[in-house]
Each structure stands twice: as C-alpha cells, then as structure tokens.
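Peer 1: One structure, as structure tokens, below. Some questions next.
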Amino acid sequence: MVQLGITDDTYTVNADGLSTWRSFVKSYLNNATSFSHHPLLDEMKNYLENKKSKSSVIKNLEWLGIFGNEKLPLSNATPAKLLQHLLEQKWKMESTDKDMVVMHHQFIFQKNKQRKKVFSTLVLKGENQIHTAMAKTVGLPLAIGAVLMLKGKIKQHGVLIPTNESIYQPVLQELEKMGIVFKEEIM
C-alpha cells in the first residue's frame, strides 16, 4: 500500500471514475505496472512478484475488500483517508475482542569491561473493547503525568519527553501499582 502510494495524504482523489475500491486500487496498479490489461488480482500478484509472502499479502488484501466492487465510502478524500476509513471498519474491535500489547527490548552494553545484556519485556492484555491494553499503555502514562504535574510532583512545564528520571520514575511507580510493569532480566 505504501509502495503504491495509497497511504499518501498530500492530495485529494478525484472520485470521477473511481467509484469502487476495485477502480481505486486499479488506478494505482496501472501507474505502477505501465497500464497493464491483466485482471486486477493478477496485476497485484505481478506487482508483488519479488516480494516475500506474496500469497499471504494477497489473501490479506482480498480480506480487506480492495479488489471488490464496494463503493468508496468518501468522496474527495485523500488516499490515506480512504484507506483509514476502510481499516477502521475492518479492524474494528467487536464487543468480545480483547487486545494485547507485547513489547520486548534488548539492550547490550559494556560496564567495567564486561559485556551485559538486558532483556525488558511487557505483556499486557486488554480487558474488553473499551479498556484496551493500548489505551492503558498510551493513556495512563499521560494521565498520571498530568496528575503528578497538578500535584506539583513534576516541576517542569511545557512539552517534555520522559527521559528525565524525575518524570519517568513517578510515572513508572504509578503504572506498577496498576500492574503495568516491565520485567527485566540481566545476563
């Protein structure tokens, strides 16, 4: 999608003649494949010819519905907005869905002439469609930081990155109380 230009947000798509997902995607493939006259699915397969996992990519694109004749949901929108709309519909969490955030970092450093590795891992499962792991890992640190600022425990003001220990330590402590904690292993 990125290579074809379908994620571009710098111009508006002229909806004339591009009324379906099929015609929309075909217009990008035609630009990429010198106006091929093959069926759309074959054009996409040809475009992906040297790409790994071609079959899984095609299967996922078919699932999205971009080869179908469903009407485009927006008129005079950017390609990125059209794609965003489609993905929001297809990837919408159902009431029984739960998300999960998995983060794994590996740091290698040398201290006192000894090489060390630190593995830092977080696995957090969402509770439901509203109380998601993503909401907890994104929203809670921000909310905790705001509360700490209001209580005067964080003295700095303005737009800050949390690389200062006086900012990240109290936030991490509050997150740990909520069960959101990285487990570290040093080797």
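Ligands are numbered from 1 in the order shown, chains are lettered A, B, ... in the order of the structure tokens, and residues start at 1 in each chain.
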Show me, as an mmCIF file with N, CA and C atoms, in the first residue's frame, the residues that have an atom within 8 Å of A:Val181 when counting only C-alpha atoms, minus same-chain residues fewer than 3 positions from it.

Peer 2:
data_model
loop_
_atom_site.group_PDB
_atom_site.id
_atom_site.type_symbol
_atom_site.label_atom_id
_atom_site.label_comp_id
_atom_site.auth_asym_id
_atom_site.auth_seq_id
_atom_site.Cartn_x
_atom_site.Cartn_y
_atom_site.Cartn_z
ATOM 1 N N LEU A 122 7.281 -6.539 28.393
ATOM 2 C CA LEU A 122 5.957 -6.207 28.917
ATOM 3 C C LEU A 122 4.927 -6.946 28.087
ATOM 4 N N LEU A 172 6.332 5.509 36.274
ATOM 5 C CA LEU A 172 6.521 4.053 36.305
ATOM 6 C C LEU A 172 6.040 3.457 37.630
ATOM 7 N N LEU A 175 2.291 3.251 37.420
ATOM 8 C CA LEU A 175 1.906 2.179 36.497
ATOM 9 C C LEU A 175 2.097 0.812 37.151
ATOM 10 N N GLU A 176 3.160 0.660 37.913
ATOM 11 C CA GLU A 176 3.410 -0.615 38.586
ATOM 12 C C GLU A 176 2.290 -0.949 39.572
#

Peer 1: Can you list every residue in chain A that DSSP puts in strand (DSSP E or B), as a PyMOL selection string?

Peer 2: chain A and resi 20+71+100-111+114-125+183-186

Peer 1: Store the residues of this selection in a file with C-alpha atoms, as a PDB file, in the first residue's frame.

Peer 2:
ATOM      1  CA  THR A  20     -15.281   1.447  -6.173  1.00  0.00           C
ATOM      2  CA  LYS A  71     -18.494   1.794  -3.296  1.00  0.00           C
ATOM      3  CA  MET A 100      -2.713  -7.294  23.770  1.00  0.00           C
ATOM      4  CA  VAL A 101       0.429  -5.189  23.876  1.00  0.00           C
ATOM      5  CA  VAL A 102       3.721  -7.067  23.744  1.00  0.00           C
ATOM      6  CA  MET A 103       6.946  -5.107  23.998  1.00  0.00           C
ATOM      7  CA  HIS A 104      10.378  -6.691  24.144  1.00  0.00           C
ATOM      8  CA  HIS A 105      13.564  -4.660  24.241  1.00  0.00           C
ATOM      9  CA  GLN A 106      17.117  -5.929  24.241  1.00  0.00           C
ATOM     10  CA  PHE A 107      19.945  -3.684  25.361  1.00  0.00           C
ATOM     11  CA  ILE A 108      23.601  -4.637  25.045  1.00  0.00           C
ATOM     12  CA  PHE A 109      26.180  -2.579  26.879  1.00  0.00           C
ATOM     13  CA  GLN A 110      29.616  -2.788  28.404  1.00  0.00           C
ATOM     14  CA  LYS A 111      30.346  -1.901  32.019  1.00  0.00           C
ATOM     15  CA  GLN A 114      32.124  -6.758  30.896  1.00  0.00           C
ATOM     16  CA  ARG A 115      29.537  -7.121  28.179  1.00  0.00           C
ATOM     17  CA  LYS A 116      25.975  -7.352  29.502  1.00  0.00           C
ATOM     18  CA  LYS A 117      22.543  -7.848  28.004  1.00  0.00           C
ATOM     19  CA  VAL A 118      19.298  -6.589  29.443  1.00  0.00           C
ATOM     20  CA  PHE A 119      16.001  -8.019  28.261  1.00  0.00           C
ATOM     21  CA  SER A 120      12.982  -5.914  29.142  1.00  0.00           C
ATOM     22  CA  THR A 121       9.535  -7.367  28.435  1.00  0.00           C
ATOM     23  CA  LEU A 122       5.957  -6.207  28.917  1.00  0.00           C
ATOM     24  CA  VAL A 123       2.879  -8.264  28.108  1.00  0.00           C
ATOM     25  CA  LEU A 124      -0.429  -6.575  28.847  1.00  0.00           C
ATOM     26  CA  LYS A 125      -3.853  -7.934  27.922  1.00  0.00           C
ATOM     27  CA  LYS A 183      10.114  -7.475  33.676  1.00  0.00           C
ATOM     28  CA  GLU A 184      13.877  -7.186  33.307  1.00  0.00           C
ATOM     29  CA  GLU A 185      16.477  -9.915  33.018  1.00  0.00           C
ATOM     30  CA  ILE A 186      20.189  -9.110  33.041  1.00  0.00           C
TER      31      ILE A 186
END

Peer 1: List as a PyMOL selection string the protein and nucleic acid residues near A:Ile58, meaning an atom at most 12 Å away when only C-alpha atoms are counted, but skip any in the same chain fewer than 6 places from it.

Peer 2: chain A and resi 1+40-49+51-52+64-67

Peer 1: Export C-alpha atoms of the chosen residues as an mmCIF file, in the first residue's frame?

Peer 2:
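Listed below is the output, again_2.cif:
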data_model
loop_
_atom_site.group_PDB
_atom_site.id
_atom_site.type_symbol
_atom_site.label_atom_id
_atom_site.label_comp_id
_atom_site.auth_asym_id
_atom_site.auth_seq_id
_atom_site.Cartn_x
_atom_site.Cartn_y
_atom_site.Cartn_z
ATOM 1 C CA MET A 1 0.000 0.000 0.000
ATOM 2 C CA LEU A 40 -6.691 -6.726 -11.032
ATOM 3 C CA LEU A 41 -5.714 -9.694 -8.880
ATOM 4 C CA ASP A 42 -3.120 -10.783 -11.471
ATOM 5 C CA GLU A 43 -1.771 -7.230 -11.650
ATOM 6 C CA MET A 44 -1.316 -7.180 -7.876
ATOM 7 C CA LYS A 45 0.391 -10.582 -7.956
ATOM 8 C CA ASN A 46 2.705 -9.341 -10.710
ATOM 9 C CA TYR A 47 3.433 -6.182 -8.747
ATOM 10 C CA LEU A 48 4.321 -8.306 -5.702
ATOM 11 C CA GLU A 49 6.318 -10.784 -7.811
ATOM 12 C CA LYS A 51 8.051 -9.740 -2.556
ATOM 13 C CA LYS A 52 8.229 -12.343 0.210
ATOM 14 C CA LEU A 64 -9.800 -6.112 3.178
ATOM 15 C CA GLY A 65 -12.074 -5.997 0.153
ATOM 16 C CA ILE A 66 -9.918 -3.758 -2.025
ATOM 17 C CA PHE A 67 -10.464 -5.931 -5.095
#

Peer 1: What are the DSSP helix (DSSP H, G or I) residues of stretch 33-180 of chain A, as a ChimeraX atom specification?

Peer 2: /A:40-47,54-64,79-90,133-150,165-177

Peer 1: Just checking: using only C-alpha atoms, which residue out of A:Asn76, A:Asn112, A:Asn69, A:Ser56 ends up closest to A:Thr12?

Peer 2: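 Once distances to A:Thr12 are computed over only C-alpha atoms, the minimum belongs to A:Asn76.
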
Peer 1: Go through A:Leu86, A:Met134, A:Ile6, A:Leu148 one by one, measure the shortest atom-to-atom distance of each to A:Tyr168 using only C-alpha atoms, and give the residue with the smallest value.

Peer 2: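 When distances to A:Tyr168 are compared using only C-alpha atoms, the smallest one comes from A:Leu148.
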
Peer 1: Could you please determine the separation between atom CA of A:Asn164 and atom CA of A:Ala135 in Å, to one decimal place?

Peer 2: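 Here the two named atoms are 23.3 Å from each other.
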
Peer 1: Which residue gives the smallest distance to A:Asp99 among A:Lys81, A:Lys26, A:Lys155, A:His131, with only C-alpha atoms counted?

Peer 2: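 Of the candidates, the smallest distance to A:Asp99 is held by A:His131.
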
Peer 1: Please compute the atom CA of A:Trp91-atom CA of A:Val138 distance, one decimal, in Å.

Peer 2: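 Separation of atom CA of A:Trp91 and atom CA of A:Val138: 18.9 Å.
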
Peer 1: Here is a test: counting only C-alpha atoms, which residue of A:Leu142, A:Val25, A:Ile167, A:Leu4 is nearest to A:Leu82?

Peer 2: A:Val25
